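This is final37.csv (CSV, C-alpha atoms).
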chain,number,residue,atom,x,y,z
A,30,MET,CA,12.4,75.5,38.4
A,31,ALA,CA,11.0,75.7,34.9
A,32,GLU,CA,12.5,78.4,32.8
A,33,PHE,CA,10.1,81.0,31.4
A,34,SER,CA,10.7,82.9,28.2
A,35,ASP,CA,11.0,86.6,28.2
A,36,ARG,CA,7.7,86.9,26.4
A,37,GLU,CA,5.9,84.8,29.0
A,38,LEU,CA,7.4,86.8,31.9
A,39,LEU,CA,6.6,90.1,30.3
A,40,ASP,CA,3.0,89.1,29.4
A,41,LEU,CA,2.4,88.0,33.0
A,42,PHE,CA,4.0,91.2,34.3
A,43,ARG,CA,1.8,93.4,32.2
A,44,GLN,CA,-1.4,91.9,33.6
A,45,GLU,CA,-2.2,93.9,36.7
A,46,GLY,CA,-3.3,90.9,38.8
A,47,SER,CA,-0.1,88.9,38.1
A,48,ARG,CA,2.5,91.6,38.3
A,49,HIS,CA,4.1,90.6,41.5
A,50,TYR,CA,3.9,86.9,40.7
A,51,ALA,CA,5.6,87.5,37.3
A,52,PHE,CA,8.3,89.6,39.0
A,53,ASN,CA,8.9,86.9,41.6
A,54,LEU,CA,9.4,84.4,38.8
A,55,LEU,CA,11.8,86.8,37.0
A,56,VAL,CA,13.9,87.2,40.2
A,57,ARG,CA,14.1,83.5,40.8
A,58,GLN,CA,15.0,82.9,37.2
A,59,TYR,CA,17.9,85.3,37.1
A,60,GLN,CA,19.1,85.8,40.6
A,61,GLY,CA,21.7,83.0,40.5
A,62,ARG,CA,23.5,84.2,37.4
A,63,LEU,CA,23.4,87.8,38.4
A,64,TYR,CA,24.5,87.1,42.0
A,65,ALA,CA,27.6,85.2,40.7
A,66,PHE,CA,28.6,88.3,38.7
A,67,VAL,CA,27.8,90.8,41.5
A,68,ARG,CA,29.6,88.7,44.0
A,69,ARG,CA,32.8,88.5,41.9
A,70,MET,CA,32.7,92.3,41.5
A,71,VAL,CA,31.8,93.3,45.1
A,72,THR,CA,33.2,90.3,47.0
A,73,ASP,CA,31.4,90.8,50.3
A,74,PRO,CA,28.3,88.7,50.5
A,75,ASP,CA,26.2,91.3,52.4
A,76,GLU,CA,27.1,94.1,50.1
A,77,SER,CA,26.5,91.7,47.1
A,78,LYS,CA,23.0,91.1,48.4
A,79,ASP,CA,22.3,94.8,48.8
A,80,VAL,CA,23.6,95.5,45.3
A,81,LEU,CA,21.5,92.7,43.8
A,82,GLN,CA,18.4,93.9,45.6
A,83,ASN,CA,18.9,97.4,44.1
A,84,VAL,CA,19.3,95.8,40.7
A,85,PHE,CA,15.9,94.1,40.9
A,86,LEU,CA,14.3,97.2,42.4
A,87,LYS,CA,15.5,99.2,39.4
A,88,ALA,CA,14.3,96.4,37.1
A,89,TRP,CA,10.8,96.6,38.7
A,90,ASN,CA,10.7,100.4,38.1
A,91,GLY,CA,11.9,100.1,34.6
A,92,LEU,CA,10.3,96.9,33.3
A,93,ASP,CA,7.3,98.8,31.9
A,94,ARG,CA,9.7,100.7,29.6
A,95,PHE,CA,11.7,97.6,28.6
A,96,ARG,CA,12.0,97.3,24.9
A,97,GLU,CA,11.7,93.8,23.6
A,98,ASP,CA,14.4,94.2,21.0
A,99,ALA,CA,16.9,93.3,23.7
A,100,GLN,CA,17.0,90.2,25.9
A,101,LEU,CA,15.7,90.5,29.4
A,102,TYR,CA,18.9,88.8,30.7
A,103,SER,CA,21.2,91.3,28.9
A,104,TRP,CA,19.1,94.2,30.2
A,105,LEU,CA,19.2,92.9,33.8
A,106,TYR,CA,22.9,92.2,33.4
A,107,ARG,CA,23.4,95.9,32.3
A,108,ILE,CA,21.6,97.1,35.4
A,109,ALA,CA,23.8,94.8,37.5
A,110,HIS,CA,27.0,96.0,35.8
A,111,ASN,CA,26.1,99.6,36.4
A,112,GLU,CA,25.1,99.0,40.0
A,113,CYS,CA,28.4,97.3,40.7
A,114,ILE,CA,30.4,100.1,39.1
A,115,THR,CA,28.4,102.7,41.1
A,116,HIS,CA,28.8,100.7,44.3
A,117,LEU,CA,32.6,100.5,43.9
A,118,LYS,CA,32.8,104.2,43.1
A,119,ARG,CA,30.7,105.0,46.2
A,120,LEU,CA,32.9,102.8,48.3
A,121,ARG,CA,35.9,104.7,47.2
A,122,ARG,CA,34.3,108.1,47.7
A,123,GLY,CA,32.9,107.1,51.1
A,124,LEU,CA,36.2,105.9,52.3
A,125,PHE,CA,38.1,108.9,50.7
A,126,VAL,CA,40.7,106.4,49.6
A,127,SER,CA,42.5,105.4,46.5
A,128,GLN,CA,42.0,102.4,44.3
A,129,ASP,CA,44.8,100.6,46.1
A,130,HIS,CA,43.0,100.9,49.5
A,131,VAL,CA,39.8,99.6,48.0
A,132,ILE,CA,41.7,96.6,46.5
A,133,GLU,CA,43.2,96.0,49.9
A,134,ARG,CA,39.8,96.2,51.6
A,135,LEU,CA,38.3,93.7,49.0
A,136,THR,CA,41.3,91.4,49.5
A,137,THR,CA,40.9,91.5,53.2
A,138,THR,CA,37.2,90.7,52.9
A,139,LEU,CA,38.1,87.8,50.6
A,140,ASP,CA,40.7,86.4,53.1
A,141,LYS,CA,38.4,86.6,56.1
A,142,SER,CA,35.3,85.5,54.3
A,143,GLU,CA,33.9,82.2,55.4
A,144,HIS,CA,32.0,82.1,52.1
A,145,PHE,CA,35.2,81.9,50.0
A,146,THR,CA,35.9,78.2,49.4
A,147,GLY,CA,38.7,78.4,46.9
A,148,ASP,CA,42.2,77.2,47.5
A,149,ALA,CA,45.4,79.3,47.6
A,150,ILE,CA,45.7,79.5,43.8
A,151,GLN,CA,42.1,80.5,43.5
A,152,ALA,CA,42.7,83.2,46.1
A,153,ALA,CA,45.7,84.4,44.2
A,154,LEU,CA,43.6,84.6,41.1
A,155,GLN,CA,40.9,86.6,42.8
A,156,ARG,CA,43.5,89.0,44.3
A,157,ALA,CA,45.0,89.4,40.8
A,158,VAL,CA,41.5,90.1,39.4
A,159,MET,CA,40.9,92.7,42.0
A,160,THR,CA,43.9,94.7,40.9
A,161,LEU,CA,42.2,95.5,37.7
A,162,PRO,CA,40.3,98.8,37.2
A,163,ASP,CA,36.5,98.3,37.9
A,164,LYS,CA,35.4,98.3,34.3
A,165,GLN,CA,38.2,96.1,33.1
A,166,ARG,CA,37.4,93.7,35.9
A,167,ALA,CA,33.8,93.6,34.9
A,168,VAL,CA,34.8,92.8,31.3
A,169,PHE,CA,37.2,90.1,32.5
A,170,THR,CA,34.6,88.6,34.8
A,171,MET,CA,31.9,88.4,32.1
A,172,LYS,CA,34.3,87.0,29.5
A,173,TYR,CA,36.5,84.7,31.5
A,174,PHE,CA,34.3,83.4,34.4
A,175,GLN,CA,30.8,83.8,32.9
A,176,GLU,CA,31.9,83.1,29.3
A,177,LEU,CA,29.6,85.6,27.7
A,178,LYS,CA,30.2,86.5,24.0
A,179,TYR,CA,31.8,89.8,23.1
A,180,GLU,CA,28.6,90.8,21.4
A,181,GLU,CA,26.7,90.2,24.6
A,182,ILE,CA,29.2,92.1,26.7
A,183,SER,CA,29.0,94.9,24.2
A,184,ALA,CA,25.3,95.1,24.6
A,185,ILE,CA,25.7,95.1,28.4
A,186,THR,CA,28.5,97.7,28.7
A,187,GLY,CA,27.8,99.8,25.6
A,188,THR,CA,31.4,99.3,24.5
A,189,SER,CA,32.5,98.3,21.1
A,190,VAL,CA,33.6,94.7,20.5
A,191,GLY,CA,37.0,95.8,19.4
A,192,ALA,CA,37.6,97.8,22.6
A,193,LEU,CA,36.3,94.9,24.7
A,194,LYS,CA,38.8,92.5,23.0
A,195,SER,CA,41.6,94.9,23.7
A,196,SER,CA,40.5,95.4,27.3
A,197,TYR,CA,40.2,91.7,27.9
A,198,HIS,CA,43.6,91.0,26.4
A,199,ILE,CA,45.2,93.6,28.6
A,200,ALA,CA,43.4,92.2,31.6
A,201,VAL,CA,44.7,88.7,30.9
A,202,ARG,CA,48.2,89.9,30.6
A,203,LYS,CA,48.0,91.9,33.8
A,204,ILE,CA,46.6,88.9,35.7
A,205,GLU,CA,49.3,86.6,34.3
A,206,ASP,CA,52.0,89.0,35.4
A,207,GLN,CA,50.4,89.3,38.9
A,208,LEU,CA,50.2,85.5,39.2
A,209,THR,CA,53.9,85.2,38.1
A,210,ARG,CA,55.0,87.8,40.7
A,211,ASP,CA,53.0,86.0,43.4
A,212,ARG,CA,54.6,82.7,42.6
A,213,THR,CA,58.2,84.1,42.7
A,214,LYS,CA,57.6,85.7,46.1
B,15,MET,CA,33.7,73.3,30.0
B,16,ASP,CA,33.4,74.9,26.6
B,17,HIS,CA,35.6,77.8,26.2
B,18,ALA,CA,34.8,80.6,23.9
B,19,PRO,CA,37.0,80.7,20.7
B,20,GLU,CA,38.6,83.9,22.0
B,21,ASN,CA,40.0,81.9,25.0
B,22,ASP,CA,41.7,79.2,22.8
B,23,ASP,CA,45.0,81.0,22.8
B,24,LEU,CA,44.9,81.5,26.5
B,25,ASP,CA,47.4,78.7,27.0
B,26,ARG,CA,49.9,80.6,25.0
B,27,ILE,CA,49.5,84.1,26.3
B,28,ALA,CA,48.7,83.2,29.9
B,29,PRO,CA,49.8,79.7,30.8
B,30,MET,CA,49.4,80.1,34.6
B,31,LEU,CA,45.9,81.5,34.3
B,32,SER,CA,44.8,78.8,31.9
B,33,ARG,CA,45.9,76.1,34.4
B,34,ILE,CA,43.6,77.4,37.2
B,35,PRO,CA,40.2,75.6,37.2
B,36,ARG,CA,37.3,77.9,36.5
B,37,THR,CA,35.2,76.9,39.5
B,38,ASP,CA,33.3,79.5,41.4
B,39,PRO,CA,35.1,79.8,44.8
B,40,PHE,CA,32.4,82.1,46.2
B,41,ALA,CA,30.0,80.1,48.3
B,42,VAL,CA,26.5,81.4,48.4
B,43,PRO,CA,25.2,81.8,52.0
B,44,GLU,CA,22.8,79.0,53.0
B,45,GLY,CA,19.2,79.6,51.9
B,46,PHE,CA,20.2,82.8,50.1
B,47,HIS,CA,18.4,82.0,46.9
B,48,ASP,CA,15.2,80.8,48.7
B,49,ARG,CA,15.0,84.0,50.8
B,50,PHE,CA,16.2,86.5,48.2
B,51,ALA,CA,13.1,86.6,46.0
B,52,GLN,CA,10.9,87.2,49.1
B,53,GLU,CA,13.2,89.9,50.4
B,54,VAL,CA,13.0,91.7,47.0
B,55,GLN,CA,9.2,91.3,47.0
B,56,ALA,CA,9.1,92.9,50.5
B,57,ARG,CA,10.8,95.9,49.2
B,58,LEU,CA,8.5,96.4,46.2
B,59,PRO,CA,5.7,99.0,46.5
B,60,ARG,CA,2.5,97.1,47.2
B,61,THR,CA,0.1,99.5,45.7
B,62,ALA,CA,-0.8,98.9,42.1
B,63,ARG,CA,0.6,101.4,39.7
B,64,PRO,CA,-2.2,103.6,38.4
B,65,PRO,CA,-3.0,103.4,34.7
B,66,VAL,CA,-1.4,105.9,32.5
B,67,TRP,CA,-4.7,107.7,31.7
B,68,ARG,CA,-5.2,108.4,35.4
B,69,LEU,CA,-1.8,109.9,35.7
B,70,TRP,CA,-2.6,112.3,32.8
B,71,LEU,CA,-6.0,113.1,34.3
B,72,VAL,CA,-4.3,114.1,37.6
B,73,ARG,CA,-1.7,116.2,35.8
B,74,THR,CA,-4.4,117.9,33.7
B,75,ALA,CA,-6.5,118.6,36.9
B,76,MET,CA,-3.4,120.2,38.5
B,77,ALA,CA,-2.5,122.2,35.4
B,78,LEU,CA,-6.0,123.6,34.7
B,79,PRO,CA,-6.2,126.0,37.7
B,80,VAL,CA,-2.7,127.3,37.0
B,81,ALA,CA,-3.5,127.9,33.4
B,82,ALA,CA,-6.8,129.7,34.4
B,83,LEU,CA,-4.8,131.9,36.8
B,84,LEU,CA,-2.3,132.7,34.1
B,85,VAL,CA,-5.0,133.6,31.6
B,86,THR,CA,-6.8,135.8,34.1
B,87,GLY,CA,-3.6,137.6,35.0
B,88,TRP,CA,-2.8,138.2,31.4
B,89,TRP,CA,-6.4,139.5,30.8
B,90,MET,CA,-6.2,141.9,33.6
B,91,LEU,CA,-2.8,143.2,33.0
B,92,ARG,CA,-2.9,143.4,29.2
B,93,PRO,CA,-2.3,146.8,27.6
B,94,PRO,CA,-5.5,148.8,26.7
B,95,PRO,CA,-6.5,148.5,23.1
B,96,SER,CA,-5.7,151.5,20.9
B,97,VAL,CA,-8.9,153.6,20.3
B,98,PRO,CA,-9.1,155.2,16.9
B,99,GLN,CA,-9.1,159.1,17.1
B,100,GLU,CA,-12.6,160.4,16.4
B,101,ALA,CA,-13.1,163.9,14.9
B,102,PRO,CA,-14.2,166.3,17.6
B,103,ASP,CA,-17.8,167.4,17.6
B,104,LEU,CA,-17.5,171.0,16.8
B,105,ASP,CA,-21.0,171.8,18.1
B,106,ALA,CA,-19.9,170.7,21.6
B,107,VAL,CA,-16.8,172.9,21.6
B,108,PRO,CA,-17.0,176.7,22.1
B,109,ALA,CA,-16.5,178.5,18.8
B,110,GLY,CA,-13.5,180.5,19.9
B,111,LEU,CA,-11.7,177.6,21.4
B,112,ALA,CA,-12.3,175.5,18.3
B,113,GLU,CA,-10.8,178.2,16.1
B,114,VAL,CA,-7.7,178.4,18.3
B,115,VAL,CA,-7.3,174.6,18.4
B,116,TRP,CA,-7.8,174.2,14.7
B,117,GLU,CA,-5.6,177.1,13.8
B,118,GLU,CA,-2.8,175.7,15.9
B,119,ASP,CA,-3.3,172.3,14.3
B,120,LEU,CA,-3.2,173.8,10.8
B,121,LEU,CA,-0.1,175.8,11.5
B,122,GLN,CA,1.7,172.7,12.7
B,123,GLY,CA,3.8,171.2,10.0
B,124,LEU,CA,4.2,174.4,8.0
B,125,THR,CA,7.7,175.6,7.1
B,126,ASP,CA,9.0,179.1,7.8
B,127,GLU,CA,8.6,180.0,4.1
B,128,ASP,CA,4.9,178.9,4.2
B,129,LEU,CA,4.4,181.0,7.3
B,130,ALA,CA,6.1,184.0,5.7
B,131,ALA,CA,3.8,183.6,2.6
B,132,LEU,CA,0.8,183.5,4.8
B,133,ALA,CA,1.8,186.7,6.7
B,134,PRO,CA,0.0,189.9,5.6
B,135,ALA,CA,2.0,192.2,3.5
B,136,PRO,CA,3.4,195.1,5.4
B,137,GLU,CA,1.6,198.3,4.8
B,138,ALA,CA,3.5,201.0,2.7
B,139,PRO,CA,4.6,203.9,4.8
B,140,ALA,CA,2.7,207.1,4.2
B,141,LEU,CA,4.8,209.6,2.3
B,142,SER,CA,4.3,213.4,2.1
B,143,ALA,CA,4.0,215.1,-1.4
B,144,ASP,CA,7.5,216.4,-1.2
B,145,GLU,CA,8.9,213.0,-0.3
B,146,LEU,CA,6.9,211.4,-3.1
B,147,ALA,CA,8.2,214.0,-5.6
B,148,ASP,CA,11.8,213.2,-4.5
B,149,TYR,CA,11.2,209.5,-4.8
B,150,TYR,CA,9.9,209.8,-8.4
B,151,GLU,CA,12.7,212.1,-9.3
B,152,LEU,CA,15.2,209.7,-7.9
B,153,THR,CA,13.7,206.7,-9.7
B,154,GLY,CA,13.2,208.7,-13.0
B,155,THR,CA,9.5,208.1,-13.1
B,156,GLU,CA,7.5,210.5,-15.2
B,157,VAL,CA,4.6,211.6,-13.1
B,158,THR,CA,2.4,212.3,-16.2
B,159,ASP,CA,3.0,208.7,-17.5
B,160,LEU,CA,2.0,207.4,-14.1
B,161,ILE,CA,-1.2,209.5,-14.0
B,162,GLU,CA,-2.1,208.2,-17.5
B,163,SER,CA,-1.6,204.6,-16.6
B,164,LEU,CA,-4.0,205.0,-13.7
Turn the structure described in the file into C-alpha cells.
Amino acid sequence: MAEFSDRELLDLFRQEGSRHYAFNLLVRQYQGRLYAFVRRMVTDPDESKDVLQNVFLKAWNGLDRFREDAQLYSWLYRIAHNECITHLKRLRRGLFVSQDHVIERLTTTLDKSEHFTGDAIQAALQRAVMTLPDKQRAVFTMKYFQELKYEEISAITGTSVGALKSSYHIAVRKIEDQLTRDRTK
Amino acid sequence: MDHAPENDDLDRIAPMLSRIPRTDPFAVPEGFHDRFAQEVQARLPRTARPPVWRLWLVRTAMALPVAALLVTGWWMLRPPPSVPQEAPDLDAVPAGLAEVVWEEDLLQGLTDEDLAALAPAPEAPALSADELADYYELTGTEVTDLIESL
C-alpha cells in the first residue's frame, strides 16, 4: 500500500466527502506499527485488538484538533501508549490484584497463546520484560524493540530525554538480571 | 538491523540480552490487518459532523430563552427606584395639621439649649407693696433713683 504523507491524509480528512476514506487510509497505514507496540504491552491478541480499536476511535474524535506541529505517527503512538497504560491499570483494578498477579496473568497468556511463535529464549525475554513496571516497559519496548529515538519517545510519553535514558538503562539491567536468574535455575 | 547509538554498549552492560535476536515473536492473527480497518470503520459514527457554525447556532438558540427568562425575572424582582421627596402641597393639607407637622419637623434637630432659649421667659411673681419695699431694702436700691430712671 502506498504511503500517504500526514498532509495528504489530513487534507483528505478535512473534506466532508472523503472523511471516512481518509481515516480508513490512516488506519491501514499505521495499524501494523501500532499493533506491534500494543501487542507487546497487552500480550493477549483479543485485548490488543480492543485497545487498538479504542486508539483509533480516540484518534477519530481528536483528529480535528490535531496540531500539525507534531507528526501524526507520534500523536497516534501517544494515544496508543496512554491506552495501554490505562488498560493495564484497569486490569489490575478489575482483578483487585497486585502487579505480580497481573504479570502472572500476562505470562500465562503468553505461554498458552497460539499466537506466540518465539522460542524458549524469546519467551524468557518476554517474561523478563513483563516484570517491568508499565511505564518502564513501554519505554523499553519503544526503544529496544521498535527502535524509536529518545526524542520521539519523549514526544510520545511527555518525559524528558534524560529521564528516559535513565529508565531504559535500569530496564536493561533488570532484564539482564532476570535472564541470568532464569538461566541459573 | 541498525541499532540506535544508545544500544551500542548493550553488549557490555547486558550481554545475554544483546544475544537474543530482535524478531517479533507475536504472530498476528490471520487476516487481522485486512479486517481491522473495516472493524474500526464499523464503530465510527456514520452521521457527518455538523459544521461549527451550526453547533454555535444551536447553542445560541438554547441560551436565548434562558437569558430572556433571567432578564424578565430580574426586571420583575428588581428593587423599586428611589423617588425624590417632593415638598408637600400646603394647600392640600389642613392648616392646623400642617402647623403641627412643620413645628415638629422644625423642632427636630434642636439641642436642649436651643429649646430652652426658645421657651418663653417665666413671668415675674406678683409682689405686694410691703414685699417690694423689703426687697429694695435688702438689695440697697434707692426707690427715688429707681423712679427717676423710669
Practice problem: Find the residues around Arg96 (chain A) up to 12 Å (all atoms listed in the file counted), leave out those fewer than 5 positions away in its own chain, and share them as an MDAnalysis selection string. | Solution: chainID A and resid 35:36 39 91 101 103:104
Sorted per-residue table, chain A near chain B, closest atoms and distance, 7 Å, only C-alpha atoms, as JSON lines:
{"residue": "A:Asn53", "atom": "CA", "partner": "B:Ala51", "partner_atom": "CA", "distance": 6.1}
{"residue": "A:Val56", "atom": "CA", "partner": "B:Ala51", "partner_atom": "CA", "distance": 5.9}
{"residue": "A:Arg57", "atom": "CA", "partner": "B:Ala51", "partner_atom": "CA", "distance": 6.1}
{"residue": "A:Gln82", "atom": "CA", "partner": "B:Val54", "partner_atom": "CA", "distance": 6.0}
{"residue": "A:Leu86", "atom": "CA", "partner": "B:Leu58", "partner_atom": "CA", "distance": 7.0}
{"residue": "A:His144", "atom": "CA", "partner": "B:Ala41", "partner_atom": "CA", "distance": 4.7}
{"residue": "A:Phe145", "atom": "CA", "partner": "B:Phe40", "partner_atom": "CA", "distance": 4.7}
{"residue": "A:Thr146", "atom": "CA", "partner": "B:Pro39", "partner_atom": "CA", "distance": 4.9}
{"residue": "A:Gly147", "atom": "CA", "partner": "B:Pro39", "partner_atom": "CA", "distance": 4.4}
{"residue": "A:Phe174", "atom": "CA", "partner": "B:Arg36", "partner_atom": "CA", "distance": 6.6}
{"residue": "A:Glu176", "atom": "CA", "partner": "B:Ala18", "partner_atom": "CA", "distance": 6.6}
{"residue": "A:Val201", "atom": "CA", "partner": "B:Ala28", "partner_atom": "CA", "distance": 6.9}
{"residue": "A:Arg202", "atom": "CA", "partner": "B:Ala28", "partner_atom": "CA", "distance": 6.8}
{"residue": "A:Glu205", "atom": "CA", "partner": "B:Ala28", "partner_atom": "CA", "distance": 5.6}
Quiz item: So, counting all atoms listed in the file, which residue among A:Gln44, A:Ser34, A:Ser189, A:Thr170 is closest to Ala65 (chain A)?
Solution: A:Thr170
Quiz item: Skipping near chain neighbours, those fewer than 5 positions away, what residues fall within 12 Å of Ala184 (chain A) using only C-alpha atoms, listed as a ChimeraX atom specification?
Solution: /A:98-108,110,168,177-179,189-190,193
Quiz item: Which is closest to Tyr64 (chain A) among A:Ala51, A:Gln175, A:Phe95, A:Gly46, if we use only C-alpha atoms?
Solution: A:Gln175
Exercise. State, in Å with one decimal place, the distance from CA of Leu146 (chain B) to CA of Ser163 (chain B).
Key: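 These two atoms are separated by 17.3 Å.
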Quiz item: How many Å separate CA of Leu81 (chain A) from CA of Arg49 (chain B)?
Solution: 12.9 Å
